[in-house]
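Below: one structure, written as structure tokens.
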Amino acid sequence: MSVGAVGGWVSTGLQWRDGRAVLSAVLGRRVHERSVVPGAEVGWLLAGPRRCTGAWLVGQDERTPCPHHAVIEPDGGAVQCTSCQSVDRGLALARDQILDDGRTYRLYLAWFGAGLLKVGLTAEQRGTSRLLEQGALAWTFAARGALPAVRRAELTVAASGLARERFTSRAKLAHWWEHGDADHRRTLLTEARVRAHELLRGHGVELLADHPVTDQVAVFGLTGGAPAVYRKVDALADGAVLAGRLRPPIGRHLLLDQPDGGEPLLLDTRALTGWTLAPAVGRPSAGLTLTRRERPAEPDTQEALF
């Protein structure tokens, strides 16, 4: 990513906007974005320390930089320091710390594979971005309304056992190879929505009986399944080089084909967040912690706990 002065631009990961995936980086309040184009060659030299990228504050349309320039764990799952986590709008919503923010929300049903039906909510103004970022193979909207009503609807559907609120990334990934056909996904989600509406009669939400089912398998480049063998990037470190040719992004994951025909790399771009990036050429170097993975014999739904 050609992101300006060497050693200055800090990755803020991958987001979906208006149906397209973009990689972004910040320098103070300046933002640089690059669309993820399948087939494009990328190369990044990572420099540490890994830093908190700030928070999305209530009432703000742009990310507020971390006032502490806090250092975060190089191989940790958190991309924010404790202070920024405490004021972040998205985390506050997830933790039910915001009871109502005046916006309209939509209740969705998302399918990630056999046994992995998820119920969730997203702000209507975000469109379909949340479903793309989560890597849903197919989904449909089921209802809409104010945040308190949609949240109660979400809890009702989850409590019934029809769908769950969370699944691990590992559980979702296991189903990239086994996703059936589009007709199967459409039928399953249409029937699940009918059952959800039976549960939500009398709730203060508008039921969306005729909303179409959106299929994203082709968008993610998974019509032929995922690579039979790949190497998962488990951790990054100061001085590492991450490079390759982009495949279509899958949610927030990138698959990078290697120029020498070696096994592609799988990167969860949340692990890239917080590292300072500079352009690099060549092949991946020391500083990457990799695990060789093969196509799972059976998708493991028992991992689907969060």
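Each chain in the structure tokens gets a letter, A, B, ..., in the order shown, and its residues are numbered from 1; ligands are numbered from 1 in order too.
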*Using DSSP on the backbone, list every residue of range 153-215 of chain A that comes out as strand (DSSP E or B), and give them as number ranges by chain.*
A: 164, 206-207, 214-215
Could you take the residues named above and write them with C-alpha atoms, as a PDB file, in the first residue's frame?
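File produced: part39.pdb:
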```pdb
ATOM      1  CA  ARG A 164     -27.217 -17.649  17.833  1.00  0.00           C
ATOM      2  CA  GLU A 206     -41.725  -3.841  11.409  1.00  0.00           C
ATOM      3  CA  LEU A 207     -41.519  -7.354  10.017  1.00  0.00           C
ATOM      4  CA  THR A 214     -28.594 -12.056  -0.517  1.00  0.00           C
ATOM      5  CA  ASP A 215     -25.965 -14.650  -1.415  1.00  0.00           C
TER       6      ASP A 215
END
```
Per-residue nearest contacts range 195-252 of chain A to range 63-75 of chain A, cut-off 7 Å, using only C-alpha atoms, as a tab-separated table:
```
residue	atom	partner	partner_atom	distance
A:Ala235	CA	A:Asp75	CA	5.2
A:Leu236	CA	A:Asp75	CA	6.5
A:Ala237	CA	A:Pro74	CA	6.6
```
*For CA of Ala92 in chain A and CA of Arg30 in chain A, quote the distance in Å rounded to one decimal.*
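These two atoms are separated by 25.1 Å.
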Leu155 in chain A environment, 10 Å, only C-alpha atoms, sequence neighbours closer than 4 positions dropped, as a short mmCIF file (atom, residue, chain, number, x, y, z; two decimals) with N, CA and C atoms, in the first residue's frame:
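Result went into part.cif, see below:
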```
data_model
loop_
_atom_site.label_atom_id
_atom_site.label_comp_id
_atom_site.auth_asym_id
_atom_site.auth_seq_id
_atom_site.Cartn_x
_atom_site.Cartn_y
_atom_site.Cartn_z
N VAL A 119 -28.24 -14.52 14.36
CA VAL A 119 -29.15 -13.38 14.40
C VAL A 119 -28.37 -12.19 14.94
N GLY A 120 -28.60 -11.03 14.36
CA GLY A 120 -27.89 -9.85 14.80
C GLY A 120 -28.61 -8.60 14.34
N VAL A 150 -35.46 -3.61 18.35
CA VAL A 150 -34.72 -4.59 17.55
C VAL A 150 -33.82 -5.43 18.45
N ARG A 151 -33.26 -4.83 19.47
CA ARG A 151 -32.45 -5.61 20.41
C ARG A 151 -33.30 -6.65 21.13
N ALA A 159 -32.96 -16.64 22.11
CA ALA A 159 -33.44 -17.46 23.22
C ALA A 159 -34.24 -18.66 22.75
N SER A 160 -34.83 -18.55 21.56
CA SER A 160 -35.65 -19.65 21.04
C SER A 160 -34.79 -20.81 20.54
N ALA A 163 -31.45 -19.28 16.18
CA ALA A 163 -30.17 -18.75 15.72
C ALA A 163 -29.38 -18.29 16.94
N ARG A 164 -28.08 -18.08 16.74
CA ARG A 164 -27.22 -17.65 17.83
C ARG A 164 -26.66 -16.26 17.53
N GLU A 165 -26.20 -15.59 18.58
CA GLU A 165 -25.70 -14.23 18.43
C GLU A 165 -24.25 -14.18 18.02
#
```
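Picture a line from CA of Leu242 in chain A to CA of Trp177 in chain A; it runs 25.0 Å.
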*Do you know which residues are at most 7 Å from Gln258 in chain A counting only C-alpha atoms, after dropping those on the same chain fewer than 3 positions away, and could you put them as a list in words?*
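The neighbour list is Gly244, Arg245, Gly261, Gly262, Glu263 and Pro264 of chain A.
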Writer output for current selection, C-alpha atoms, as a tab-separated table (two decimals), in the first residue's frame:
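Wrote it out as again-v5.tsv, contents follow:
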```tsv
chain	number	residue	atom	x	y	z
A	244	GLY	CA	1.42	-11.57	-2.30
A	245	ARG	CA	-1.31	-11.39	-4.93
A	261	GLY	CA	3.45	-20.83	-6.46
A	262	GLY	CA	3.77	-21.59	-2.76
A	263	GLU	CA	0.88	-22.05	-0.38
A	264	PRO	CA	-1.28	-18.92	-0.11
```
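Among the candidates A:Leu23, A:Glu41, A:Thr187, A:Leu99, the residue lying nearest to Pro259 in chain A is A:Glu41 (atoms considered: only C-alpha atoms).
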*Among the residues of range 29-187 of chain A, find those DSSP assigns to alpha helix (DSSP H) from the backbone and print them as a VMD selection string.*
chain A and resid 82 to 87 89 to 94 129 to 134 147 to 160 169 to 173 182 to 187
*asked:* Given only C-alpha atoms as the basis, pick out the residue of A:Arg152, A:Thr223, A:Pro248, A:Ala123 nearest to Gly202 in chain A.
replied: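 Among the listed residues, A:Arg152 lies closest to Gly202 in chain A.
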*Neighbour list for Trp176 in chain A as a list in words, cut-off 8 Å, only C-alpha atoms, skip fewer than 5 positions in-chain*: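 The residues that qualify are Gly113, Leu222, Gly225 and Ala226 of chain A.
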Those residues with N, CA and C atoms, as an mmCIF file, in the first residue's frame please?
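Generated output (part16.cif):
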```
data_model
loop_
_atom_site.group_PDB
_atom_site.id
_atom_site.type_symbol
_atom_site.label_atom_id
_atom_site.label_comp_id
_atom_site.auth_asym_id
_atom_site.auth_seq_id
_atom_site.Cartn_x
_atom_site.Cartn_y
_atom_site.Cartn_z
ATOM 1 N N GLY A 113 -22.883 -21.472 7.305
ATOM 2 C CA GLY A 113 -22.650 -22.878 7.043
ATOM 3 C C GLY A 113 -23.643 -23.722 7.829
ATOM 4 N N LEU A 222 -15.736 -17.858 -3.422
ATOM 5 C CA LEU A 222 -15.762 -19.189 -2.818
ATOM 6 C C LEU A 222 -16.595 -20.193 -3.601
ATOM 7 N N GLY A 225 -14.775 -23.160 -3.535
ATOM 8 C CA GLY A 225 -14.199 -23.481 -2.235
ATOM 9 C C GLY A 225 -12.933 -22.677 -1.966
ATOM 10 N N ALA A 226 -12.379 -22.853 -0.792
ATOM 11 C CA ALA A 226 -11.142 -22.188 -0.390
ATOM 12 C C ALA A 226 -9.946 -23.059 -0.788
#
```
*Contacts of His203 in chain A at 12 Å (only C-alpha atoms; same-chain gap of 3+ positions) as a ChimeraX atom specification*: /A:143-146,148-157,196-200,206-207
How would the residues just picked look written out with N, CA, C and O atoms as an mmCIF file, in the first residue's frame?
```cif
data_model
loop_
_atom_site.group_PDB
_atom_site.id
_atom_site.type_symbol
_atom_site.label_atom_id
_atom_site.label_comp_id
_atom_site.auth_asym_id
_atom_site.auth_seq_id
_atom_site.Cartn_x
_atom_site.Cartn_y
_atom_site.Cartn_z
ATOM 1 N N ALA A 143 -36.434 -7.744 10.130
ATOM 2 C CA ALA A 143 -37.267 -6.740 10.782
ATOM 3 C C ALA A 143 -36.479 -5.440 10.881
ATOM 4 O O ALA A 143 -35.255 -5.408 10.672
ATOM 5 N N ARG A 144 -37.184 -4.357 11.221
ATOM 6 C CA ARG A 144 -36.533 -3.062 11.409
ATOM 7 C C ARG A 144 -37.281 -2.282 12.478
ATOM 8 O O ARG A 144 -38.456 -2.533 12.759
ATOM 9 N N GLY A 145 -36.577 -1.314 13.087
ATOM 10 C CA GLY A 145 -37.208 -0.501 14.112
ATOM 11 C C GLY A 145 -36.158 0.229 14.929
ATOM 12 O O GLY A 145 -34.971 0.278 14.573
ATOM 13 N N ALA A 146 -36.590 0.808 16.033
ATOM 14 C CA ALA A 146 -35.677 1.502 16.931
ATOM 15 C C ALA A 146 -34.780 0.483 17.638
ATOM 16 O O ALA A 146 -35.126 -0.690 17.762
ATOM 17 N N PRO A 148 -33.988 -0.221 20.833
ATOM 18 C CA PRO A 148 -34.485 -1.073 21.923
ATOM 19 C C PRO A 148 -35.376 -2.210 21.426
ATOM 20 O O PRO A 148 -35.262 -3.343 21.908
ATOM 21 N N ALA A 149 -36.236 -1.914 20.453
ATOM 22 C CA ALA A 149 -37.155 -2.942 19.956
ATOM 23 C C ALA A 149 -36.410 -4.015 19.170
ATOM 24 O O ALA A 149 -36.696 -5.212 19.296
ATOM 25 N N VAL A 150 -35.461 -3.613 18.348
ATOM 26 C CA VAL A 150 -34.720 -4.587 17.553
ATOM 27 C C VAL A 150 -33.825 -5.431 18.447
ATOM 28 O O VAL A 150 -33.654 -6.632 18.215
ATOM 29 N N ARG A 151 -33.263 -4.829 19.475
ATOM 30 C CA ARG A 151 -32.445 -5.607 20.412
ATOM 31 C C ARG A 151 -33.299 -6.650 21.129
ATOM 32 O O ARG A 151 -32.877 -7.799 21.302
ATOM 33 N N ARG A 152 -34.516 -6.294 21.542
ATOM 34 C CA ARG A 152 -35.401 -7.273 22.183
ATOM 35 C C ARG A 152 -35.760 -8.392 21.200
ATOM 36 O O ARG A 152 -35.832 -9.564 21.576
ATOM 37 N N ALA A 153 -35.968 -8.031 19.947
ATOM 38 C CA ALA A 153 -36.267 -9.043 18.936
ATOM 39 C C ALA A 153 -35.081 -9.993 18.759
ATOM 40 O O ALA A 153 -35.254 -11.214 18.640
ATOM 41 N N GLU A 154 -33.871 -9.447 18.748
ATOM 42 C CA GLU A 154 -32.667 -10.271 18.631
ATOM 43 C C GLU A 154 -32.575 -11.263 19.782
ATOM 44 O O GLU A 154 -32.306 -12.462 19.578
ATOM 45 N N LEU A 155 -32.817 -10.797 20.995
ATOM 46 C CA LEU A 155 -32.750 -11.674 22.160
ATOM 47 C C LEU A 155 -33.830 -12.752 22.117
ATOM 48 O O LEU A 155 -33.596 -13.895 22.517
ATOM 49 N N THR A 156 -35.006 -12.388 21.627
ATOM 50 C CA THR A 156 -36.101 -13.357 21.533
ATOM 51 C C THR A 156 -35.757 -14.485 20.571
ATOM 52 O O THR A 156 -35.957 -15.670 20.870
ATOM 53 N N VAL A 157 -35.225 -14.140 19.401
ATOM 54 C CA VAL A 157 -34.860 -15.156 18.414
ATOM 55 C C VAL A 157 -33.727 -16.038 18.948
ATOM 56 O O VAL A 157 -33.754 -17.262 18.809
ATOM 57 N N ALA A 196 -38.844 -16.891 12.538
ATOM 58 C CA ALA A 196 -38.527 -15.716 13.355
ATOM 59 C C ALA A 196 -39.733 -14.797 13.466
ATOM 60 O O ALA A 196 -40.022 -14.263 14.557
ATOM 61 N N HIS A 197 -40.453 -14.610 12.381
ATOM 62 C CA HIS A 197 -41.635 -13.741 12.416
ATOM 63 C C HIS A 197 -42.718 -14.304 13.329
ATOM 64 O O HIS A 197 -43.443 -13.538 13.981
ATOM 65 N N GLU A 198 -42.842 -15.614 13.399
ATOM 66 C CA GLU A 198 -43.794 -16.215 14.332
ATOM 67 C C GLU A 198 -43.423 -15.873 15.764
ATOM 68 O O GLU A 198 -44.297 -15.644 16.610
ATOM 69 N N LEU A 199 -42.128 -15.827 16.037
ATOM 70 C CA LEU A 199 -41.658 -15.489 17.382
ATOM 71 C C LEU A 199 -41.844 -14.013 17.705
ATOM 72 O O LEU A 199 -41.959 -13.636 18.883
ATOM 73 N N LEU A 200 -41.871 -13.174 16.677
ATOM 74 C CA LEU A 200 -41.845 -11.724 16.893
ATOM 75 C C LEU A 200 -43.208 -11.065 16.763
ATOM 76 O O LEU A 200 -43.299 -9.831 16.796
ATOM 77 N N GLU A 206 -41.116 -3.599 12.710
ATOM 78 C CA GLU A 206 -41.725 -3.841 11.409
ATOM 79 C C GLU A 206 -41.137 -5.120 10.827
ATOM 80 O O GLU A 206 -39.926 -5.223 10.631
ATOM 81 N N LEU A 207 -41.987 -6.092 10.566
ATOM 82 C CA LEU A 207 -41.519 -7.354 10.017
ATOM 83 C C LEU A 207 -41.330 -7.228 8.506
ATOM 84 O O LEU A 207 -42.199 -6.691 7.815
#
```
*Would you mind telling me which residue in A:Glu294, A:Asp260, A:Asp100, A:Asp238 lies nearest to Ala278 in chain A when using only C-alpha atoms?*
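Once distances to Ala278 in chain A are computed over only C-alpha atoms, the minimum belongs to A:Asp238.
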*Which residue, A:Leu267, A:Val10, A:Leu121, A:Val87, has the smallest gap to Arg247 in chain A when you use only C-alpha atoms?*
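Between A:Leu267, A:Val10, A:Leu121, A:Val87, the residue approaching Arg247 in chain A most closely is A:Leu267.
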*To one decimal in Å, tell me the separation between CA of Ser11 in chain A and CA of Glu133 in chain A.*
16.6 Å
_For Ala240 in chain A: contacts at 8 Å, only C-alpha atoms, fewer than 4 positions along chain excluded, given as a list in words_ =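 Final neighbour list, sorted by chain and number: Leu45, Leu46, Ala47, Leu236, Pro284, Ser285, Ala286, Gly287 and Leu288 of chain A.
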*asked:* When you count only C-alpha atoms, which of these residues is closest to Leu57 in chain A: A:Arg34, A:Arg89, A:Lys118, A:Arg252?
replied: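 With only C-alpha atoms as the atom set, the closest residue is A:Arg89.
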*Using only C-alpha atoms: which of A:His32, A:Leu255, A:Trp9, A:Arg95 has the shortest distance to Phe220 in chain A*: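 The closest residue to Phe220 in chain A is A:Leu255.
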Counting only C-alpha atoms, which residues in range 42-136 of chain A sit no more than 8 Å from range 279-283 of chain A? For each one, give the nearest pair of atoms and the distance in Å, sorted by chain then residue number, as a Markdown table.
```
| residue | atom | partner | partner_atom | distance |
| --- | --- | --- | --- | --- |
| A:Val42 | CA | A:Val281 | CA | 7.9 |
| A:Gly43 | CA | A:Ala280 | CA | 4.7 |
| A:Trp44 | CA | A:Ala280 | CA | 4.9 |
| A:Leu45 | CA | A:Ala280 | CA | 5.4 |
```
Could you dump the residues just selected with N, CA and C atoms as a PDB file, in the first residue's frame?
```
ATOM      1  N   VAL A  42       0.427  -6.808  -3.571  1.00  0.00           N
ATOM      2  CA  VAL A  42       0.615  -5.931  -2.419  1.00  0.00           C
ATOM      3  C   VAL A  42       1.868  -6.363  -1.662  1.00  0.00           C
ATOM      4  N   GLY A  43       2.441  -5.419  -0.943  1.00  0.00           N
ATOM      5  CA  GLY A  43       3.591  -5.723  -0.104  1.00  0.00           C
ATOM      6  C   GLY A  43       3.737  -4.671   0.967  1.00  0.00           C
ATOM      7  N   TRP A  44       3.853  -5.102   2.212  1.00  0.00           N
ATOM      8  CA  TRP A  44       3.970  -4.179   3.330  1.00  0.00           C
ATOM      9  C   TRP A  44       5.130  -4.585   4.239  1.00  0.00           C
ATOM     10  N   LEU A  45       5.917  -3.608   4.611  1.00  0.00           N
ATOM     11  CA  LEU A  45       6.915  -3.766   5.665  1.00  0.00           C
ATOM     12  C   LEU A  45       6.306  -3.224   6.938  1.00  0.00           C
TER      13      LEU A  45
END
```
